[in-house]
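Peer 1: mmCIF, N, CA and C atoms and all ligand atoms, saved as structure24.cif, coming up:
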data_final
loop_
_atom_site.label_atom_id
_atom_site.label_comp_id
_atom_site.auth_asym_id
_atom_site.auth_seq_id
_atom_site.Cartn_x
_atom_site.Cartn_y
_atom_site.Cartn_z
N MET A 194 64.61 177.89 123.36
CA MET A 194 64.90 176.44 123.30
C MET A 194 66.40 176.21 123.41
N VAL A 195 66.75 175.24 124.18
CA VAL A 195 68.16 174.91 124.34
C VAL A 195 68.46 173.64 123.54
N ASP A 196 69.45 173.74 122.70
CA ASP A 196 69.85 172.58 121.91
C ASP A 196 70.80 171.71 122.73
N ILE A 197 70.27 170.66 123.28
CA ILE A 197 71.11 169.85 124.18
C ILE A 197 72.12 169.01 123.41
N ARG A 198 71.94 168.89 122.11
CA ARG A 198 72.93 168.10 121.35
C ARG A 198 74.20 168.89 121.14
N ASN A 199 74.05 170.21 121.09
CA ASN A 199 75.23 171.05 120.93
C ASN A 199 75.54 171.78 122.23
N LYS A 200 75.74 171.01 123.25
CA LYS A 200 76.01 171.56 124.55
C LYS A 200 77.36 172.27 124.54
N ARG A 201 77.39 173.47 125.09
CA ARG A 201 78.64 174.21 125.14
C ARG A 201 78.95 174.69 126.54
N CYS A 202 80.19 175.02 126.74
CA CYS A 202 80.67 175.58 128.01
C CYS A 202 79.83 176.81 128.36
N ARG A 203 79.53 176.98 129.63
CA ARG A 203 78.67 178.10 130.05
C ARG A 203 79.38 179.44 130.04
N HIS A 204 80.66 179.43 129.88
CA HIS A 204 81.39 180.69 129.83
C HIS A 204 80.95 181.45 128.57
N PRO A 205 80.65 182.76 128.69
CA PRO A 205 80.18 183.51 127.52
C PRO A 205 81.19 183.42 126.37
N ASP A 206 80.68 183.18 125.18
CA ASP A 206 81.48 183.12 123.95
C ASP A 206 82.39 181.90 123.84
N CYS A 207 82.36 181.02 124.80
CA CYS A 207 83.19 179.82 124.70
C CYS A 207 82.42 178.76 123.92
N THR A 208 83.09 178.16 122.95
CA THR A 208 82.40 177.18 122.10
C THR A 208 82.86 175.75 122.38
N LYS A 209 83.64 175.60 123.42
CA LYS A 209 84.15 174.26 123.71
C LYS A 209 83.10 173.37 124.35
N TYR A 210 83.30 172.09 124.16
CA TYR A 210 82.40 171.12 124.75
C TYR A 210 82.73 170.99 126.24
N PRO A 211 81.73 171.07 127.11
CA PRO A 211 82.02 171.01 128.54
C PRO A 211 82.27 169.60 129.04
N SER A 212 83.23 169.46 129.92
CA SER A 212 83.44 168.16 130.55
C SER A 212 83.58 168.26 132.06
N TYR A 213 83.46 169.49 132.57
CA TYR A 213 83.59 169.67 134.02
C TYR A 213 82.31 170.17 134.65
N GLY A 214 82.02 169.65 135.83
CA GLY A 214 80.83 170.09 136.56
C GLY A 214 80.96 169.71 138.01
N GLN A 215 79.88 169.93 138.78
CA GLN A 215 79.88 169.52 140.19
C GLN A 215 79.83 168.00 140.23
N GLY A 216 80.70 167.42 141.04
CA GLY A 216 80.72 165.97 141.14
C GLY A 216 79.40 165.39 141.61
N SER A 217 78.64 166.19 142.39
CA SER A 217 77.39 165.69 142.95
C SER A 217 76.28 165.58 141.90
N THR A 218 76.31 166.45 140.88
CA THR A 218 75.24 166.44 139.88
C THR A 218 75.64 165.65 138.63
N ASN A 219 76.94 165.49 138.41
CA ASN A 219 77.45 164.80 137.22
C ASN A 219 77.02 165.47 135.92
N LYS A 220 76.75 166.77 135.98
CA LYS A 220 76.35 167.51 134.78
C LYS A 220 77.52 168.35 134.29
N ALA A 221 77.94 168.15 133.05
CA ALA A 221 79.05 168.91 132.51
C ALA A 221 78.59 170.32 132.18
N GLU A 222 79.28 171.31 132.73
CA GLU A 222 78.87 172.70 132.52
C GLU A 222 79.97 173.58 131.94
N TYR A 223 81.22 173.26 132.23
CA TYR A 223 82.32 174.10 131.77
C TYR A 223 83.42 173.27 131.12
N CYS A 224 84.19 173.93 130.25
CA CYS A 224 85.34 173.26 129.66
C CYS A 224 86.48 173.28 130.67
N SER A 225 87.58 172.60 130.33
CA SER A 225 88.69 172.50 131.27
C SER A 225 89.31 173.86 131.59
N LYS A 226 89.22 174.77 130.63
CA LYS A 226 89.81 176.09 130.82
C LYS A 226 88.97 176.95 131.76
N HIS A 227 87.66 176.84 131.66
CA HIS A 227 86.78 177.71 132.44
C HIS A 227 86.16 177.05 133.66
N ARG A 228 86.56 175.87 133.95
CA ARG A 228 85.97 175.18 135.09
C ARG A 228 86.26 175.93 136.38
N HIS A 229 85.32 175.86 137.31
CA HIS A 229 85.51 176.52 138.59
C HIS A 229 86.27 175.60 139.53
N GLN A 230 86.80 176.19 140.57
CA GLN A 230 87.54 175.41 141.54
C GLN A 230 86.63 174.36 142.16
N GLY A 231 87.13 173.17 142.26
CA GLY A 231 86.35 172.11 142.89
C GLY A 231 85.55 171.30 141.91
N MET A 232 85.47 171.77 140.67
CA MET A 232 84.72 171.01 139.68
C MET A 232 85.55 169.83 139.18
N VAL A 233 84.86 168.77 138.86
CA VAL A 233 85.57 167.58 138.42
C VAL A 233 85.16 167.20 137.01
N ASN A 234 85.99 166.43 136.36
CA ASN A 234 85.67 165.95 135.02
C ASN A 234 84.57 164.89 135.14
N VAL A 235 83.37 165.22 134.68
CA VAL A 235 82.25 164.30 134.83
C VAL A 235 82.01 163.49 133.56
N VAL A 236 82.82 163.74 132.53
CA VAL A 236 82.65 163.03 131.27
C VAL A 236 83.57 161.81 131.19
N SER A 237 84.84 162.04 131.52
CA SER A 237 85.80 160.96 131.46
C SER A 237 85.55 159.94 132.58
N LYS A 238 85.95 158.75 132.30
CA LYS A 238 85.81 157.69 133.28
C LYS A 238 86.70 157.98 134.49
N ARG A 239 86.19 157.68 135.66
CA ARG A 239 86.99 157.92 136.86
C ARG A 239 87.31 156.61 137.57
N CYS A 240 88.33 156.69 138.38
CA CYS A 240 88.75 155.55 139.19
C CYS A 240 87.56 154.99 139.96
N ASN A 241 87.48 153.68 140.03
CA ASN A 241 86.34 153.02 140.69
C ASN A 241 86.32 153.22 142.20
N HIS A 242 87.44 153.63 142.74
CA HIS A 242 87.50 153.84 144.18
C HIS A 242 86.57 154.98 144.58
N ALA A 243 85.75 154.77 145.59
CA ALA A 243 84.76 155.77 145.98
C ALA A 243 85.41 157.10 146.32
N GLY A 244 84.93 158.17 145.68
CA GLY A 244 85.42 159.51 145.98
C GLY A 244 86.68 159.91 145.24
N CYS A 245 87.28 158.99 144.50
CA CYS A 245 88.50 159.30 143.76
C CYS A 245 88.13 159.91 142.41
N THR A 246 88.78 161.03 142.07
CA THR A 246 88.44 161.71 140.82
C THR A 246 89.53 161.55 139.77
N LYS A 247 90.52 160.71 140.04
CA LYS A 247 91.59 160.50 139.06
C LYS A 247 91.11 159.63 137.91
N GLN A 248 91.77 159.80 136.78
CA GLN A 248 91.41 158.95 135.66
C GLN A 248 92.10 157.60 135.81
N PRO A 249 91.36 156.52 135.58
CA PRO A 249 91.93 155.20 135.78
C PRO A 249 92.97 154.85 134.72
N SER A 250 94.04 154.21 135.15
CA SER A 250 95.09 153.82 134.22
C SER A 250 95.41 152.34 134.38
N HIS A 251 94.80 151.71 135.33
CA HIS A 251 95.10 150.32 135.61
C HIS A 251 93.82 149.47 135.63
N GLY A 252 93.97 148.25 135.18
CA GLY A 252 92.88 147.30 135.29
C GLY A 252 93.17 146.38 136.46
N LYS A 253 92.14 145.93 137.17
CA LYS A 253 92.43 145.10 138.32
C LYS A 253 92.39 143.61 138.00
N ASP A 254 92.10 143.25 136.78
CA ASP A 254 92.17 141.85 136.41
C ASP A 254 92.53 141.75 134.93
N CYS A 255 92.21 140.65 134.29
CA CYS A 255 92.59 140.47 132.89
C CYS A 255 91.56 141.01 131.91
N SER A 256 90.65 141.82 132.37
CA SER A 256 89.54 142.27 131.53
C SER A 256 89.95 143.36 130.53
N ASN A 257 91.17 143.92 130.68
CA ASN A 257 91.61 145.02 129.81
C ASN A 257 90.77 146.27 129.98
N LYS A 258 90.13 146.38 131.11
CA LYS A 258 89.31 147.55 131.39
C LYS A 258 90.02 148.41 132.43
N ARG A 259 90.14 149.71 132.13
CA ARG A 259 90.75 150.61 133.09
C ARG A 259 89.74 150.91 134.19
N GLU A 260 90.09 150.55 135.39
CA GLU A 260 89.14 150.74 136.48
C GLU A 260 89.68 151.54 137.65
N LEU A 261 91.01 151.50 137.85
CA LEU A 261 91.57 152.15 139.03
C LEU A 261 92.78 153.00 138.66
N CYS A 262 93.03 154.03 139.47
CA CYS A 262 94.23 154.83 139.26
C CYS A 262 95.41 154.10 139.89
N ALA A 263 96.61 154.57 139.62
CA ALA A 263 97.82 153.89 140.07
C ALA A 263 97.84 153.75 141.59
N GLN A 264 97.33 154.76 142.28
CA GLN A 264 97.35 154.73 143.73
C GLN A 264 96.44 153.64 144.28
N HIS A 265 95.24 153.56 143.76
CA HIS A 265 94.27 152.62 144.32
C HIS A 265 94.45 151.20 143.83
N VAL A 266 95.12 151.02 142.69
CA VAL A 266 95.36 149.65 142.24
C VAL A 266 96.36 149.00 143.18
N LYS A 267 97.25 149.80 143.76
CA LYS A 267 98.22 149.28 144.72
C LYS A 267 97.52 148.79 145.98
N GLU A 268 96.55 149.58 146.42
CA GLU A 268 95.83 149.23 147.63
C GLU A 268 95.05 147.92 147.47
N ARG A 269 94.65 147.64 146.25
CA ARG A 269 93.83 146.45 146.03
C ARG A 269 94.65 145.28 145.50
N MET A 270 95.93 145.47 145.39
CA MET A 270 96.81 144.45 144.84
C MET A 270 96.64 143.10 145.53
N THR A 271 96.48 143.10 146.84
CA THR A 271 96.38 141.85 147.58
C THR A 271 95.19 141.03 147.13
N ILE A 272 94.09 141.70 146.83
CA ILE A 272 92.89 141.00 146.36
C ILE A 272 93.15 140.43 144.97
N VAL A 273 93.79 141.26 144.14
CA VAL A 273 94.04 140.87 142.76
C VAL A 273 94.96 139.65 142.68
N ARG A 274 95.95 139.59 143.54
CA ARG A 274 96.92 138.50 143.50
C ARG A 274 96.27 137.13 143.71
N GLN A 275 95.13 137.11 144.36
CA GLN A 275 94.47 135.84 144.61
C GLN A 275 93.77 135.32 143.35
N ALA A 276 93.61 136.18 142.38
CA ALA A 276 92.98 135.77 141.15
C ALA A 276 93.96 134.96 140.31
N THR A 277 93.46 134.35 139.25
CA THR A 277 94.30 133.50 138.43
C THR A 277 95.06 134.28 137.36
N CYS A 278 94.78 135.58 137.27
CA CYS A 278 95.41 136.40 136.25
C CYS A 278 96.93 136.41 136.41
N GLU A 279 97.65 136.37 135.31
CA GLU A 279 99.11 136.35 135.37
C GLU A 279 99.69 137.75 135.48
N ARG A 280 98.89 138.75 135.13
CA ARG A 280 99.40 140.11 135.18
C ARG A 280 98.48 141.00 136.01
N PRO A 281 98.36 140.73 137.31
CA PRO A 281 97.43 141.51 138.12
C PRO A 281 97.87 142.97 138.27
N GLY A 282 96.93 143.87 138.16
CA GLY A 282 97.22 145.28 138.38
C GLY A 282 98.12 145.88 137.35
N VAL A 283 98.17 145.31 136.17
CA VAL A 283 99.08 145.80 135.15
C VAL A 283 98.54 147.09 134.51
N ALA A 284 99.46 147.99 134.17
CA ALA A 284 99.05 149.23 133.51
C ALA A 284 98.60 148.92 132.09
N ILE A 285 97.47 149.50 131.72
CA ILE A 285 96.94 149.25 130.38
C ILE A 285 97.31 150.40 129.46
ZN ZN B 1 84.91 177.32 128.29
ZN ZN B 2 91.85 156.15 142.56
#
For the file at hand, write its structure as structure tokens.

Peer 2:
Amino acid sequence: MVDIRNKRCRHPDCTKYPSYGQGSTNKAEYCSKHRHQGMVNVVSKRCNHAGCTKQPSHGKDCSNKRELCAQHVKERMTIVRQATCERPGVAI
């Protein structure tokens, strides 16, 4: 029986909680130390931009929600400026 509540990194003897896995399956299998090349953090929130694996640091409106990384918030700035928000694309 596998205890799914105490999920651990698949590396032998590693007791860390896994946060990395194949982006396609979204299943966390390894910790940051033992992750394989190409594996992405499937636990942390990622930038809303399709295919971007960076962690979001910017909100695109006044919602105080981190949705985009610094790179992609710039690309969408033009859309944001049309909104009524006084601080579009501000770092949260
Ligand atoms: Zn590990
Ligand atoms: Zn991004």

Peer 1: I need the residue nearest A:Ser250 from this list: A:Ser225, A:Gln230, A:Gln264, A:Asn219. Use all atoms listed in the file for the distance.

Peer 2: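 Of A:Ser225, A:Gln230, A:Gln264, A:Asn219, the one nearest A:Ser250, counting all atoms listed in the file, is A:Gln264.
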
Peer 1: Grab me every residue within 10 Å of ligand ZN 1 (chain B), counting only C-alpha atoms and all ligand atoms, and send it over as a PyMOL selection string.

Peer 2: chain A and resi 201-213+222-228

Peer 1: Under the rule that all atoms listed in the file are counted, which of A:Gly231, A:Ser237, A:Cys262, A:Lys200 is the nearest residue to ligand ZN 2 (chain B)?

Peer 2: A:Cys262

Peer 1: I want to know what sits within 6 Å of A:Leu261, based on all atoms listed in the file, with residues of the same chain fewer than 3 positions away left out; could you give that as a list in words?

Peer 2: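 Here the answer would be Cys240, Asn241, His242, Gln248, Pro249, Ser250, His251, Gly252, Lys253, His265 and Val266 of chain A.
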
Peer 1: Could you state the separation of atom CA of A:Val233 and atom CA of A:Glu260 in Å, given to one decimal place?

Peer 2: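 Atom CA of A:Glu260 lies 17.3 Å from atom CA of A:Val233.
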
Peer 1: Any idea what the distance is between atom N of A:Ala221 and atom CA of A:Arg259?

Peer 2: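 These atoms are spaced 21.7 Å apart.
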
Peer 1: Enumerate the residues of stretch 195-257 of chain A with a DSSP assignment of strand (DSSP E), computed from the backbone, and present them as a list in words.

Peer 2: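 For stretch 195-257 of chain A, the strand (DSSP E) set is Tyr213, Gly214, Val233 and Asn234 of chain A.
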
Peer 1: By how many Å are atom CA of A:Arg239 and atom ZN of ligand ZN 2 (chain B) apart?

Peer 2: 7.7 Å

Peer 1: Just need the box for stretch 238-245 of chain A, edges along x, y and z, holding every atom the file lists for it with 3 Å tacked onto each side, so centre and edge lengths in Å to one decimal, as lines of an AutoDock Vina configuration file.

Peer 2:
center_x = 86.8
center_y = 156.5
center_z = 139.3
size_x = 10.0
size_y = 12.9
size_z = 20.0

Peer 1: Check the smallest atom-to-atom distance from each of A:Val236, A:Lys247, A:Gly214, A:Lys258 to ligand ZN 2 (chain B) using all atoms listed in the file, then report the winner.

Peer 2: A:Lys247

Peer 1: Of the candidates A:His229, A:Ala263, A:Arg269, A:Gly216, which shows the shortest atom-to-atom distance to ligand ZN 2 (chain B), using all atoms listed in the file?

Peer 2: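 Of all the options, A:Ala263 lies closest to ligand ZN 2 (chain B).
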